[in-house]
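Structure file target-v4.pdb (PDB, C-alpha atoms, pLDDT in the B column) follows.
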```pdb
MODEL        1
ATOM      1  CA  MET A   1      49.498   1.378  20.784  1.00 94.00           C
ATOM      2  CA  PHE A   2      46.934   0.074  18.301  1.00 97.00           C
ATOM      3  CA  LYS A   3      43.452  -0.827  19.533  1.00 98.00           C
ATOM      4  CA  LEU A   4      40.485  -2.691  18.148  1.00 98.00           C
ATOM      5  CA  LYS A   5      37.229  -3.147  20.024  1.00 98.00           C
ATOM      6  CA  LEU A   6      34.598  -5.444  18.572  1.00 97.00           C
ATOM      7  CA  ILE A   7      31.900  -7.962  19.417  1.00 97.00           C
ATOM      8  CA  ALA A   8      33.349 -11.336  20.406  1.00 96.00           C
ATOM      9  CA  LYS A   9      31.753 -13.389  17.628  1.00 95.00           C
ATOM     10  CA  GLU A  10      33.437 -16.036  15.490  1.00 93.00           C
ATOM     11  CA  GLU A  11      32.428 -14.200  12.304  1.00 94.00           C
ATOM     12  CA  ASN A  12      34.677 -11.320  13.347  1.00 96.00           C
ATOM     13  CA  LEU A  13      37.840 -13.424  13.117  1.00 96.00           C
ATOM     14  CA  ASP A  14      38.708 -12.017   9.682  1.00 95.00           C
ATOM     15  CA  THR A  15      38.456  -8.443  11.005  1.00 97.00           C
ATOM     16  CA  VAL A  16      40.798  -9.349  13.871  1.00 98.00           C
ATOM     17  CA  ASN A  17      43.293 -10.985  11.504  1.00 96.00           C
ATOM     18  CA  GLU A  18      43.272  -7.974   9.187  1.00 97.00           C
ATOM     19  CA  PHE A  19      43.888  -5.616  12.108  1.00 98.00           C
ATOM     20  CA  VAL A  20      46.815  -7.659  13.442  1.00 98.00           C
ATOM     21  CA  ASN A  21      48.384  -8.260  10.034  1.00 96.00           C
ATOM     22  CA  ARG A  22      48.103  -4.597   9.071  1.00 96.00           C
ATOM     23  CA  GLN A  23      50.342  -3.666  12.026  1.00 96.00           C
ATOM     24  CA  LEU A  24      52.680  -6.642  11.536  1.00 96.00           C
ATOM     25  CA  ALA A  25      53.190  -5.620   7.900  1.00 94.00           C
ATOM     26  CA  GLN A  26      54.838  -2.412   9.209  1.00 91.00           C
ATOM     27  CA  SER A  27      57.335  -4.415  11.280  1.00 91.00           C
ATOM     28  CA  SER A  28      60.331  -6.621  10.568  1.00 85.00           C
ATOM     29  CA  CYS A  29      58.214  -9.723  11.053  1.00 91.00           C
ATOM     30  CA  SER A  30      59.028 -12.816   8.930  1.00 93.00           C
ATOM     31  CA  THR A  31      56.247 -14.821   7.295  1.00 92.00           C
ATOM     32  CA  ASP A  32      56.924 -17.739   9.628  1.00 92.00           C
ATOM     33  CA  THR A  33      56.595 -15.503  12.701  1.00 95.00           C
ATOM     34  CA  ARG A  34      53.470 -13.825  11.304  1.00 96.00           C
ATOM     35  CA  VAL A  35      51.795 -17.220  10.856  1.00 96.00           C
ATOM     36  CA  LYS A  36      52.643 -18.170  14.461  1.00 97.00           C
ATOM     37  CA  ILE A  37      51.152 -14.902  15.718  1.00 98.00           C
ATOM     38  CA  ASP A  38      48.062 -15.383  13.534  1.00 97.00           C
ATOM     39  CA  ILE A  39      47.501 -18.836  15.037  1.00 97.00           C
ATOM     40  CA  ALA A  40      47.828 -17.540  18.617  1.00 98.00           C
ATOM     41  CA  VAL A  41      45.494 -14.620  17.856  1.00 98.00           C
ATOM     42  CA  GLU A  42      42.895 -16.929  16.323  1.00 97.00           C
ATOM     43  CA  GLU A  43      42.992 -19.374  19.229  1.00 97.00           C
ATOM     44  CA  LEU A  44      42.590 -16.627  21.838  1.00 97.00           C
ATOM     45  CA  PHE A  45      39.904 -14.704  19.964  1.00 97.00           C
ATOM     46  CA  ILE A  46      37.863 -17.856  19.244  1.00 96.00           C
ATOM     47  CA  ASN A  47      38.148 -18.933  22.893  1.00 94.00           C
ATOM     48  CA  ILE A  48      36.686 -15.607  23.975  1.00 96.00           C
ATOM     49  CA  ALA A  49      34.013 -15.725  21.255  1.00 95.00           C
ATOM     50  CA  SER A  50      33.062 -19.244  22.345  1.00 92.00           C
ATOM     51  CA  TYR A  51      33.177 -19.006  26.133  1.00 91.00           C
ATOM     52  CA  ALA A  52      33.384 -15.494  27.560  1.00 93.00           C
ATOM     53  CA  TYR A  53      29.739 -14.540  27.081  1.00 94.00           C
ATOM     54  CA  ALA A  54      26.358 -16.216  26.800  1.00 91.00           C
ATOM     55  CA  PRO A  55      25.683 -17.044  23.110  1.00 85.00           C
ATOM     56  CA  GLN A  56      22.551 -14.904  22.969  1.00 87.00           C
ATOM     57  CA  GLU A  57      24.343 -11.925  24.527  1.00 89.00           C
ATOM     58  CA  PRO A  58      27.814 -11.644  23.024  1.00 89.00           C
ATOM     59  CA  GLY A  59      29.921  -8.900  24.614  1.00 96.00           C
ATOM     60  CA  GLU A  60      32.956  -6.978  23.518  1.00 97.00           C
ATOM     61  CA  VAL A  61      36.612  -7.810  23.335  1.00 98.00           C
ATOM     62  CA  LEU A  62      39.313  -5.157  23.330  1.00 98.00           C
ATOM     63  CA  ILE A  63      42.516  -6.012  21.474  1.00 98.00           C
ATOM     64  CA  LYS A  64      45.615  -3.918  22.117  1.00 98.00           C
ATOM     65  CA  MET A  65      48.794  -4.271  20.166  1.00 98.00           C
ATOM     66  CA  SER A  66      52.164  -2.627  20.699  1.00 97.00           C
ATOM     67  CA  PHE A  67      55.740  -2.982  19.526  1.00 96.00           C
ATOM     68  CA  THR A  68      58.923  -2.700  21.556  1.00 94.00           C
ATOM     69  CA  ASP A  69      62.515  -2.366  20.423  1.00 91.00           C
ATOM     70  CA  THR A  70      65.159  -4.267  22.322  1.00 88.00           C
ATOM     71  CA  PRO A  71      64.706  -6.995  21.297  1.00 91.00           C
ATOM     72  CA  PRO A  72      62.134  -6.249  18.571  1.00 94.00           C
ATOM     73  CA  ALA A  73      58.892  -7.757  19.845  1.00 96.00           C
ATOM     74  CA  VAL A  74      55.146  -7.455  19.572  1.00 97.00           C
ATOM     75  CA  THR A  75      52.735  -7.619  22.503  1.00 98.00           C
ATOM     76  CA  ILE A  76      49.033  -8.283  21.964  1.00 98.00           C
ATOM     77  CA  SER A  77      46.424  -8.334  24.730  1.00 98.00           C
ATOM     78  CA  PHE A  78      42.787  -9.444  24.713  1.00 98.00           C
ATOM     79  CA  SER A  79      40.352  -8.154  27.349  1.00 98.00           C
ATOM     80  CA  ASP A  80      36.802  -9.313  27.927  1.00 97.00           C
ATOM     81  CA  ARG A  81      34.196  -8.692  30.607  1.00 96.00           C
ATOM     82  CA  GLY A  82      33.069 -12.293  31.009  1.00 95.00           C
ATOM     83  CA  ALA A  83      33.234 -14.208  34.289  1.00 92.00           C
ATOM     84  CA  PRO A  84      36.778 -14.466  35.700  1.00 94.00           C
ATOM     85  CA  TYR A  85      38.484 -17.314  33.901  1.00 93.00           C
ATOM     86  CA  ASN A  86      42.167 -18.110  33.716  1.00 94.00           C
ATOM     87  CA  PRO A  87      42.779 -20.309  30.669  1.00 91.00           C
ATOM     88  CA  LEU A  88      46.381 -20.877  31.787  1.00 93.00           C
ATOM     89  CA  SER A  89      45.198 -22.742  34.888  1.00 91.00           C
ATOM     90  CA  HIS A  90      44.470 -25.884  32.852  1.00 88.00           C
ATOM     91  CA  PRO A  91      47.100 -28.604  32.584  1.00 89.00           C
ATOM     92  CA  ASP A  92      48.642 -29.073  29.134  1.00 91.00           C
ATOM     93  CA  PRO A  93      47.093 -31.844  27.004  1.00 92.00           C
ATOM     94  CA  ASP A  94      48.998 -35.106  26.588  1.00 92.00           C
ATOM     95  CA  VAL A  95      50.318 -34.818  23.024  1.00 92.00           C
ATOM     96  CA  THR A  96      51.737 -38.348  23.057  1.00 93.00           C
ATOM     97  CA  LEU A  97      48.373 -40.145  23.196  1.00 90.00           C
ATOM     98  CA  PRO A  98      47.468 -42.469  20.310  1.00 89.00           C
ATOM     99  CA  LEU A  99      44.694 -41.611  17.841  1.00 87.00           C
ATOM    100  CA  GLU A 100      41.917 -43.471  19.676  1.00 86.00           C
ATOM    101  CA  LYS A 101      42.465 -41.460  22.849  1.00 87.00           C
ATOM    102  CA  ARG A 102      43.047 -38.116  21.195  1.00 85.00           C
ATOM    103  CA  GLN A 103      40.822 -35.192  22.097  1.00 79.00           C
ATOM    104  CA  ILE A 104      41.208 -31.768  20.607  1.00 76.00           C
ATOM    105  CA  GLY A 105      40.216 -29.847  23.760  1.00 77.00           C
ATOM    106  CA  GLY A 106      42.998 -27.705  25.142  1.00 84.00           C
ATOM    107  CA  MET A 107      45.069 -27.971  21.981  1.00 92.00           C
ATOM    108  CA  GLY A 108      44.441 -24.360  20.951  1.00 94.00           C
ATOM    109  CA  LEU A 109      45.837 -22.904  24.135  1.00 95.00           C
ATOM    110  CA  TYR A 110      48.728 -25.350  24.069  1.00 96.00           C
ATOM    111  CA  LEU A 111      49.588 -24.021  20.604  1.00 96.00           C
ATOM    112  CA  VAL A 112      49.502 -20.456  21.944  1.00 97.00           C
ATOM    113  CA  LYS A 113      51.902 -21.344  24.760  1.00 97.00           C
ATOM    114  CA  SER A 114      54.229 -23.214  22.402  1.00 97.00           C
ATOM    115  CA  LEU A 115      54.291 -20.618  19.615  1.00 97.00           C
ATOM    116  CA  MET A 116      54.613 -17.468  21.734  1.00 98.00           C
ATOM    117  CA  ASP A 117      57.582 -16.349  23.843  1.00 98.00           C
ATOM    118  CA  ASP A 118      55.395 -15.299  26.751  1.00 98.00           C
ATOM    119  CA  VAL A 119      51.728 -15.692  27.759  1.00 98.00           C
ATOM    120  CA  GLN A 120      50.255 -13.955  30.827  1.00 98.00           C
ATOM    121  CA  TYR A 121      46.799 -13.806  32.346  1.00 98.00           C
ATOM    122  CA  ARG A 122      45.384 -11.384  34.876  1.00 97.00           C
ATOM    123  CA  TYR A 123      41.956 -10.402  36.132  1.00 97.00           C
ATOM    124  CA  TYR A 124      42.051  -6.654  36.388  1.00 94.00           C
ATOM    125  CA  ASP A 125      39.401  -3.938  36.521  1.00 94.00           C
ATOM    126  CA  GLU A 126      36.670  -6.597  36.171  1.00 95.00           C
ATOM    127  CA  GLN A 127      38.218  -7.880  32.966  1.00 97.00           C
ATOM    128  CA  ASN A 128      39.972 -11.024  31.888  1.00 97.00           C
ATOM    129  CA  GLU A 129      43.159  -9.966  30.183  1.00 98.00           C
ATOM    130  CA  ILE A 130      45.401 -12.386  28.352  1.00 98.00           C
ATOM    131  CA  THR A 131      48.620 -11.041  26.880  1.00 98.00           C
ATOM    132  CA  ILE A 132      50.962 -12.698  24.416  1.00 98.00           C
ATOM    133  CA  LYS A 133      54.439 -11.590  23.438  1.00 98.00           C
ATOM    134  CA  LYS A 134      56.457 -12.680  20.431  1.00 98.00           C
ATOM    135  CA  ILE A 135      60.017 -11.707  19.633  1.00 96.00           C
ATOM    136  CA  LEU A 136      60.174 -10.666  15.985  1.00 94.00           C
TER     137      LEU A 136
ATOM    138  CA  MET B   1      40.185 -21.225   1.466  1.00 93.00           C
ATOM    139  CA  GLN B   2      39.625 -23.222  -1.691  1.00 96.00           C
ATOM    140  CA  ILE B   3      39.170 -26.972  -1.910  1.00 97.00           C
ATOM    141  CA  LYS B   4      39.982 -28.717  -5.159  1.00 97.00           C
ATOM    142  CA  LYS B   5      38.532 -32.176  -5.335  1.00 96.00           C
ATOM    143  CA  THR B   6      39.835 -35.014  -7.519  1.00 96.00           C
ATOM    144  CA  GLN B   7      38.246 -38.420  -7.350  1.00 95.00           C
ATOM    145  CA  ASN B   8      39.445 -41.637  -8.971  1.00 94.00           C
ATOM    146  CA  GLN B   9      36.995 -44.347  -8.034  1.00 94.00           C
ATOM    147  CA  LYS B  10      37.582 -44.960  -4.311  1.00 96.00           C
ATOM    148  CA  GLU B  11      40.470 -42.513  -3.996  1.00 97.00           C
ATOM    149  CA  LEU B  12      39.713 -38.912  -3.094  1.00 97.00           C
ATOM    150  CA  ILE B  13      42.288 -36.134  -3.241  1.00 98.00           C
ATOM    151  CA  LEU B  14      41.486 -32.820  -1.563  1.00 98.00           C
ATOM    152  CA  ALA B  15      43.896 -29.996  -2.390  1.00 98.00           C
ATOM    153  CA  LEU B  16      43.547 -27.039  -0.022  1.00 98.00           C
ATOM    154  CA  THR B  17      44.602 -23.487  -0.822  1.00 97.00           C
ATOM    155  CA  GLY B  18      44.788 -20.708   1.776  1.00 96.00           C
ATOM    156  CA  SER B  19      44.002 -20.902   5.482  1.00 95.00           C
ATOM    157  CA  LEU B  20      42.389 -23.746   7.386  1.00 97.00           C
ATOM    158  CA  ASP B  21      41.132 -21.627  10.288  1.00 96.00           C
ATOM    159  CA  ASN B  22      38.142 -21.653  12.609  1.00 95.00           C
ATOM    160  CA  ASN B  23      35.788 -20.396   9.910  1.00 92.00           C
ATOM    161  CA  THR B  24      37.046 -22.295   6.859  1.00 95.00           C
ATOM    162  CA  SER B  25      37.406 -25.577   8.748  1.00 96.00           C
ATOM    163  CA  LYS B  26      33.600 -25.748   8.719  1.00 96.00           C
ATOM    164  CA  GLN B  27      33.774 -25.712   4.920  1.00 96.00           C
ATOM    165  CA  LEU B  28      36.182 -28.669   4.958  1.00 97.00           C
ATOM    166  CA  GLU B  29      34.053 -30.519   7.495  1.00 97.00           C
ATOM    167  CA  ALA B  30      31.007 -30.122   5.223  1.00 97.00           C
ATOM    168  CA  GLU B  31      32.988 -31.275   2.178  1.00 96.00           C
ATOM    169  CA  LEU B  32      34.235 -34.369   4.019  1.00 96.00           C
ATOM    170  CA  SER B  33      30.838 -35.357   5.335  1.00 95.00           C
ATOM    171  CA  LYS B  34      29.387 -35.297   1.835  1.00 94.00           C
ATOM    172  CA  SER B  35      32.345 -36.812  -0.095  1.00 95.00           C
ATOM    173  CA  VAL B  36      34.052 -39.421   2.051  1.00 95.00           C
ATOM    174  CA  GLU B  37      31.362 -42.094   1.899  1.00 94.00           C
ATOM    175  CA  GLY B  38      32.757 -45.233   0.229  1.00 95.00           C
ATOM    176  CA  ILE B  39      36.258 -43.728  -0.095  1.00 97.00           C
ATOM    177  CA  THR B  40      39.104 -46.066   0.880  1.00 97.00           C
ATOM    178  CA  SER B  41      41.974 -43.659   0.263  1.00 97.00           C
ATOM    179  CA  LEU B  42      41.710 -40.033   1.343  1.00 98.00           C
ATOM    180  CA  LYS B  43      44.661 -37.849   0.370  1.00 98.00           C
ATOM    181  CA  PHE B  44      45.175 -34.259   1.425  1.00 98.00           C
ATOM    182  CA  ASP B  45      47.390 -32.097  -0.709  1.00 98.00           C
ATOM    183  CA  PHE B  46      48.607 -29.253   1.513  1.00 98.00           C
ATOM    184  CA  SER B  47      51.208 -27.779  -0.844  1.00 98.00           C
ATOM    185  CA  ALA B  48      49.175 -24.546  -1.140  1.00 97.00           C
ATOM    186  CA  LEU B  49      47.944 -24.522   2.472  1.00 97.00           C
ATOM    187  CA  GLU B  50      49.513 -21.608   4.350  1.00 95.00           C
ATOM    188  CA  TYR B  51      48.018 -21.958   7.788  1.00 95.00           C
ATOM    189  CA  ILE B  52      46.290 -24.359  10.150  1.00 97.00           C
ATOM    190  CA  SER B  53      44.857 -23.759  13.631  1.00 96.00           C
ATOM    191  CA  SER B  54      43.375 -26.121  16.231  1.00 96.00           C
ATOM    192  CA  ALA B  55      40.001 -25.889  14.449  1.00 96.00           C
ATOM    193  CA  GLY B  56      41.650 -27.358  11.335  1.00 96.00           C
ATOM    194  CA  LEU B  57      43.330 -30.049  13.454  1.00 95.00           C
ATOM    195  CA  ARG B  58      39.948 -30.984  14.870  1.00 94.00           C
ATOM    196  CA  VAL B  59      38.571 -31.677  11.376  1.00 96.00           C
ATOM    197  CA  LEU B  60      41.671 -33.655  10.355  1.00 96.00           C
ATOM    198  CA  LEU B  61      41.491 -35.707  13.546  1.00 94.00           C
ATOM    199  CA  SER B  62      37.892 -36.614  12.909  1.00 93.00           C
ATOM    200  CA  ALA B  63      38.697 -37.466   9.259  1.00 96.00           C
ATOM    201  CA  GLN B  64      41.549 -39.701  10.439  1.00 95.00           C
ATOM    202  CA  LYS B  65      39.256 -41.489  12.888  1.00 93.00           C
ATOM    203  CA  LYS B  66      36.657 -41.994  10.158  1.00 94.00           C
ATOM    204  CA  MET B  67      39.208 -43.253   7.592  1.00 96.00           C
ATOM    205  CA  GLN B  68      40.654 -45.650  10.149  1.00 94.00           C
ATOM    206  CA  THR B  69      37.420 -47.616   9.846  1.00 94.00           C
ATOM    207  CA  GLN B  70      37.142 -47.602   6.045  1.00 95.00           C
ATOM    208  CA  GLY B  71      40.632 -47.245   4.556  1.00 96.00           C
ATOM    209  CA  LYS B  72      43.552 -44.875   4.879  1.00 97.00           C
ATOM    210  CA  MET B  73      44.366 -41.198   4.974  1.00 98.00           C
ATOM    211  CA  SER B  74      47.542 -39.364   4.074  1.00 98.00           C
ATOM    212  CA  ILE B  75      48.896 -35.841   3.826  1.00 98.00           C
ATOM    213  CA  ARG B  76      51.421 -34.451   1.397  1.00 98.00           C
ATOM    214  CA  GLY B  77      53.124 -31.138   0.760  1.00 97.00           C
ATOM    215  CA  ALA B  78      52.661 -29.542   4.202  1.00 97.00           C
ATOM    216  CA  ASN B  79      54.840 -26.427   4.548  1.00 95.00           C
ATOM    217  CA  GLN B  80      57.026 -25.674   7.571  1.00 94.00           C
ATOM    218  CA  SER B  81      54.390 -23.647   9.458  1.00 94.00           C
ATOM    219  CA  VAL B  82      51.784 -26.380   9.069  1.00 96.00           C
ATOM    220  CA  MET B  83      54.306 -29.107   9.998  1.00 96.00           C
ATOM    221  CA  ASP B  84      55.287 -27.115  13.112  1.00 96.00           C
ATOM    222  CA  VAL B  85      51.671 -27.266  14.290  1.00 97.00           C
ATOM    223  CA  PHE B  86      51.554 -31.038  13.657  1.00 97.00           C
ATOM    224  CA  VAL B  87      54.814 -31.540  15.565  1.00 97.00           C
ATOM    225  CA  ILE B  88      53.888 -29.355  18.574  1.00 96.00           C
ATOM    226  CA  THR B  89      50.536 -31.090  19.007  1.00 95.00           C
ATOM    227  CA  GLY B  90      51.943 -34.593  18.450  1.00 94.00           C
ATOM    228  CA  PHE B  91      49.804 -35.066  15.344  1.00 94.00           C
ATOM    229  CA  ALA B  92      52.970 -35.621  13.321  1.00 95.00           C
ATOM    230  CA  ASN B  93      53.056 -39.063  14.961  1.00 94.00           C
ATOM    231  CA  ILE B  94      49.418 -39.805  14.200  1.00 93.00           C
ATOM    232  CA  PHE B  95      49.058 -38.749  10.574  1.00 96.00           C
ATOM    233  CA  THR B  96      50.687 -40.492   7.619  1.00 96.00           C
ATOM    234  CA  PHE B  97      52.817 -38.280   5.392  1.00 97.00           C
ATOM    235  CA  GLU B  98      53.597 -39.133   1.796  1.00 90.00           C
TER     236      GLU B  98
ENDMDL
END
```
Rewrite the structure of this file - the entire thing - as structure tokens.
Amino acid sequence: MFKLKLIAKEENLDTVNEFVNRQLAQSSCSTDTRVKIDIAVEELFINIASYAYAPQEPGEVLIKMSFTDTPPAVTISFSDRGAPYNPLSHPDPDVTLPLEKRQIGGMGLYLVKSLMDDVQYRYYDEQNEITIKKIL
Amino acid sequence: MQIKKTQNQKELILALTGSLDNNTSKQLEAELSKSVEGITSLKFDFSALEYISSAGLRVLLSAQKKMQTQGKMSIRGANQSVMDVFVITGFANIFTFE
């Protein structure tokens, strides 16, 4: 299990990406799969950085990453201590709307759900925990 | 991310290299707000773009809305990963591809 704990601020996105890609580089992950994981990681981290804490008092996020064998897969979880919030409770955006009616809200999480093989949320031990899984 | 800018009169070509993520999309947004005035043809060259997230989509959507009122916008060279994001989000039906 690999862990990274850091302040949930947008500027820390590069640190998060480096952490995730360092572990993925040790695996059998293709470039295409790595990009999909990077997108999901960005969307989830930025959501936490944007909404989990008050802007003047950013809190921490704990990222845990582990690999399993059959089938080869990676699991990454994000935990924060913000107010309980289940991002999966929102309906998916309508991706068939024309340009004039298009809004970008909700698109990030929709990408996560589409690109990953599994996405789970739980509120546990006073923490929001969102976990993604991708088969490598 | 790097942005290479080529302008021929009212045509502007922006060639992006690297990742259009939450942080670099602000760079593109700033570039667009200063360069797009008076442009009637905005062309994105994505042949060296490796990655796009919803933050990048947001900037492209707002550029498309802006260009709708003053000309046209098109995208060329998007790789498979970038196209996948356009297809999943339905933006493949909204943008024009060369």
Please report, as JSON lines, each residue of chain A lying at most 6 Å from chain B, together with the nearest pair of atoms and the separation in Å rounded to one decimal; use only C-alpha atoms, and order rows by chain and ascending residue number.
```
{"residue": "A:Ile39", "atom": "CA", "partner": "B:Ser53", "partner_atom": "CA", "distance": 5.8}
{"residue": "A:Val95", "atom": "CA", "partner": "B:Gly90", "partner_atom": "CA", "distance": 4.9}
{"residue": "A:Thr96", "atom": "CA", "partner": "B:Gly90", "partner_atom": "CA", "distance": 5.9}
{"residue": "A:Ile104", "atom": "CA", "partner": "B:Arg58", "partner_atom": "CA", "distance": 5.9}
{"residue": "A:Gly108", "atom": "CA", "partner": "B:Ser54", "partner_atom": "CA", "distance": 5.1}
```
Would you kindly return, as an mmCIF file with C-alpha atoms, in the frame of the given file, each protein, DNA or RNA residue with an atom no farther than 12 Å from any atom of A:Lys133, considering only C-alpha atoms and excluding same-chain residues fewer than 3 positions away?
```
data_model
loop_
_atom_site.group_PDB
_atom_site.id
_atom_site.type_symbol
_atom_site.label_atom_id
_atom_site.label_comp_id
_atom_site.auth_asym_id
_atom_site.auth_seq_id
_atom_site.Cartn_x
_atom_site.Cartn_y
_atom_site.Cartn_z
ATOM 1 C CA THR A 33 56.595 -15.503 12.701
ATOM 2 C CA LYS A 36 52.643 -18.170 14.461
ATOM 3 C CA ILE A 37 51.152 -14.902 15.718
ATOM 4 C CA ALA A 40 47.828 -17.540 18.617
ATOM 5 C CA VAL A 41 45.494 -14.620 17.856
ATOM 6 C CA LYS A 64 45.615 -3.918 22.117
ATOM 7 C CA MET A 65 48.794 -4.271 20.166
ATOM 8 C CA SER A 66 52.164 -2.627 20.699
ATOM 9 C CA PHE A 67 55.740 -2.982 19.526
ATOM 10 C CA THR A 68 58.923 -2.700 21.556
ATOM 11 C CA PRO A 71 64.706 -6.995 21.297
ATOM 12 C CA PRO A 72 62.134 -6.249 18.571
ATOM 13 C CA ALA A 73 58.892 -7.757 19.845
ATOM 14 C CA VAL A 74 55.146 -7.455 19.572
ATOM 15 C CA THR A 75 52.735 -7.619 22.503
ATOM 16 C CA ILE A 76 49.033 -8.283 21.964
ATOM 17 C CA SER A 77 46.424 -8.334 24.730
ATOM 18 C CA PHE A 78 42.787 -9.444 24.713
ATOM 19 C CA VAL A 112 49.502 -20.456 21.944
ATOM 20 C CA LYS A 113 51.902 -21.344 24.760
ATOM 21 C CA SER A 114 54.229 -23.214 22.402
ATOM 22 C CA LEU A 115 54.291 -20.618 19.615
ATOM 23 C CA MET A 116 54.613 -17.468 21.734
ATOM 24 C CA ASP A 117 57.582 -16.349 23.843
ATOM 25 C CA ASP A 118 55.395 -15.299 26.751
ATOM 26 C CA VAL A 119 51.728 -15.692 27.759
ATOM 27 C CA GLN A 120 50.255 -13.955 30.827
ATOM 28 C CA TYR A 121 46.799 -13.806 32.346
ATOM 29 C CA ILE A 130 45.401 -12.386 28.352
ATOM 30 C CA LEU A 136 60.174 -10.666 15.985
#
```
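Taking only C-alpha atoms into account, B:Leu49 lies nearest to A:Val35 out of the set A:Ala25, A:Val35, A:Asp80, A:Lys101.
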What's around A:Ser50 at 9 Å? Count all atoms listed in the file, leave out sequence neighbours fewer than 6 positions away in its own chain, and write the answer as JSON, numbers by chain.
{"A": [8, 9, 10]}
Run through the PyMOL selection byres ((chain B and resi 16) around 12) on the given coordinates and return the selected residues as a ChimeraX atom specification.
/B:1-6,13-15,17-21,24-25,27-28,31,43-52,56,75-78
List every protein, DNA or RNA residue that has an atom no more than 12 Å from (46.9, -30.1, 32.0) in the file's coordinate frame, counting all atoms listed in the file, and report them as an mmCIF file with C-alpha atoms, in the frame of the given file.
```
data_model
loop_
_atom_site.group_PDB
_atom_site.id
_atom_site.type_symbol
_atom_site.label_atom_id
_atom_site.label_comp_id
_atom_site.auth_asym_id
_atom_site.auth_seq_id
_atom_site.Cartn_x
_atom_site.Cartn_y
_atom_site.Cartn_z
ATOM 1 C CA PRO A 87 42.779 -20.309 30.669
ATOM 2 C CA LEU A 88 46.381 -20.877 31.787
ATOM 3 C CA SER A 89 45.198 -22.742 34.888
ATOM 4 C CA HIS A 90 44.470 -25.884 32.852
ATOM 5 C CA PRO A 91 47.100 -28.604 32.584
ATOM 6 C CA ASP A 92 48.642 -29.073 29.134
ATOM 7 C CA PRO A 93 47.093 -31.844 27.004
ATOM 8 C CA ASP A 94 48.998 -35.106 26.588
ATOM 9 C CA VAL A 95 50.318 -34.818 23.024
ATOM 10 C CA GLY A 105 40.216 -29.847 23.760
ATOM 11 C CA GLY A 106 42.998 -27.705 25.142
ATOM 12 C CA MET A 107 45.069 -27.971 21.981
ATOM 13 C CA LEU A 109 45.837 -22.904 24.135
ATOM 14 C CA TYR A 110 48.728 -25.350 24.069
#
```
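Taking only C-alpha atoms into account, the residues near (45.5, -3.7, 16.1), no farther than 10 Å, are Met1, Phe2, Lys3, Leu4, Lys5, Thr15, Val16, Asn17, Glu18, Phe19, Val20, Asn21, Arg22, Gln23, Leu24, Leu62, Ile63, Lys64, Met65, Ser66, Ile76 and Ser77 of chain A.
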Apply the PyMOL selection byres ((chain A and resi 84) around 8) to the structure shown and report the selected residues as a VMD selection string.
chain A and resid 82 to 83 85 to 86 123 126 to 128
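Between atom CA of A:Leu44 and atom CA of A:Thr70 lies a distance of 25.7 Å.
Picked by the PyMOL selection byres ((chain B and resi 37) around 10) from the coordinates shown: B:Lys10, B:Leu32, B:Ser33, B:Lys34, B:Ser35, B:Val36, B:Gly38, B:Ile39, B:Thr40, B:Lys66, B:Met67, B:Gln70.
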Mind writing the picked residues with C-alpha atoms as a PDB file, in the coordinates of the input?
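Contents of out-v5.pdb, freshly written:
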```
ATOM      1  CA  LYS B  10      37.582 -44.960  -4.311  1.00 96.00           C
ATOM      2  CA  LEU B  32      34.235 -34.369   4.019  1.00 96.00           C
ATOM      3  CA  SER B  33      30.838 -35.357   5.335  1.00 95.00           C
ATOM      4  CA  LYS B  34      29.387 -35.297   1.835  1.00 94.00           C
ATOM      5  CA  SER B  35      32.345 -36.812  -0.095  1.00 95.00           C
ATOM      6  CA  VAL B  36      34.052 -39.421   2.051  1.00 95.00           C
ATOM      7  CA  GLY B  38      32.757 -45.233   0.229  1.00 95.00           C
ATOM      8  CA  ILE B  39      36.258 -43.728  -0.095  1.00 97.00           C
ATOM      9  CA  THR B  40      39.104 -46.066   0.880  1.00 97.00           C
ATOM     10  CA  LYS B  66      36.657 -41.994  10.158  1.00 94.00           C
ATOM     11  CA  MET B  67      39.208 -43.253   7.592  1.00 96.00           C
ATOM     12  CA  GLN B  70      37.142 -47.602   6.045  1.00 95.00           C
TER      13      GLN B  70
END
```
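Candidate residues A:Gln26, A:Gln103, A:Pro58, A:Leu111 were compared for distance to A:Glu43, and the nearest is A:Leu111, using only C-alpha atoms.
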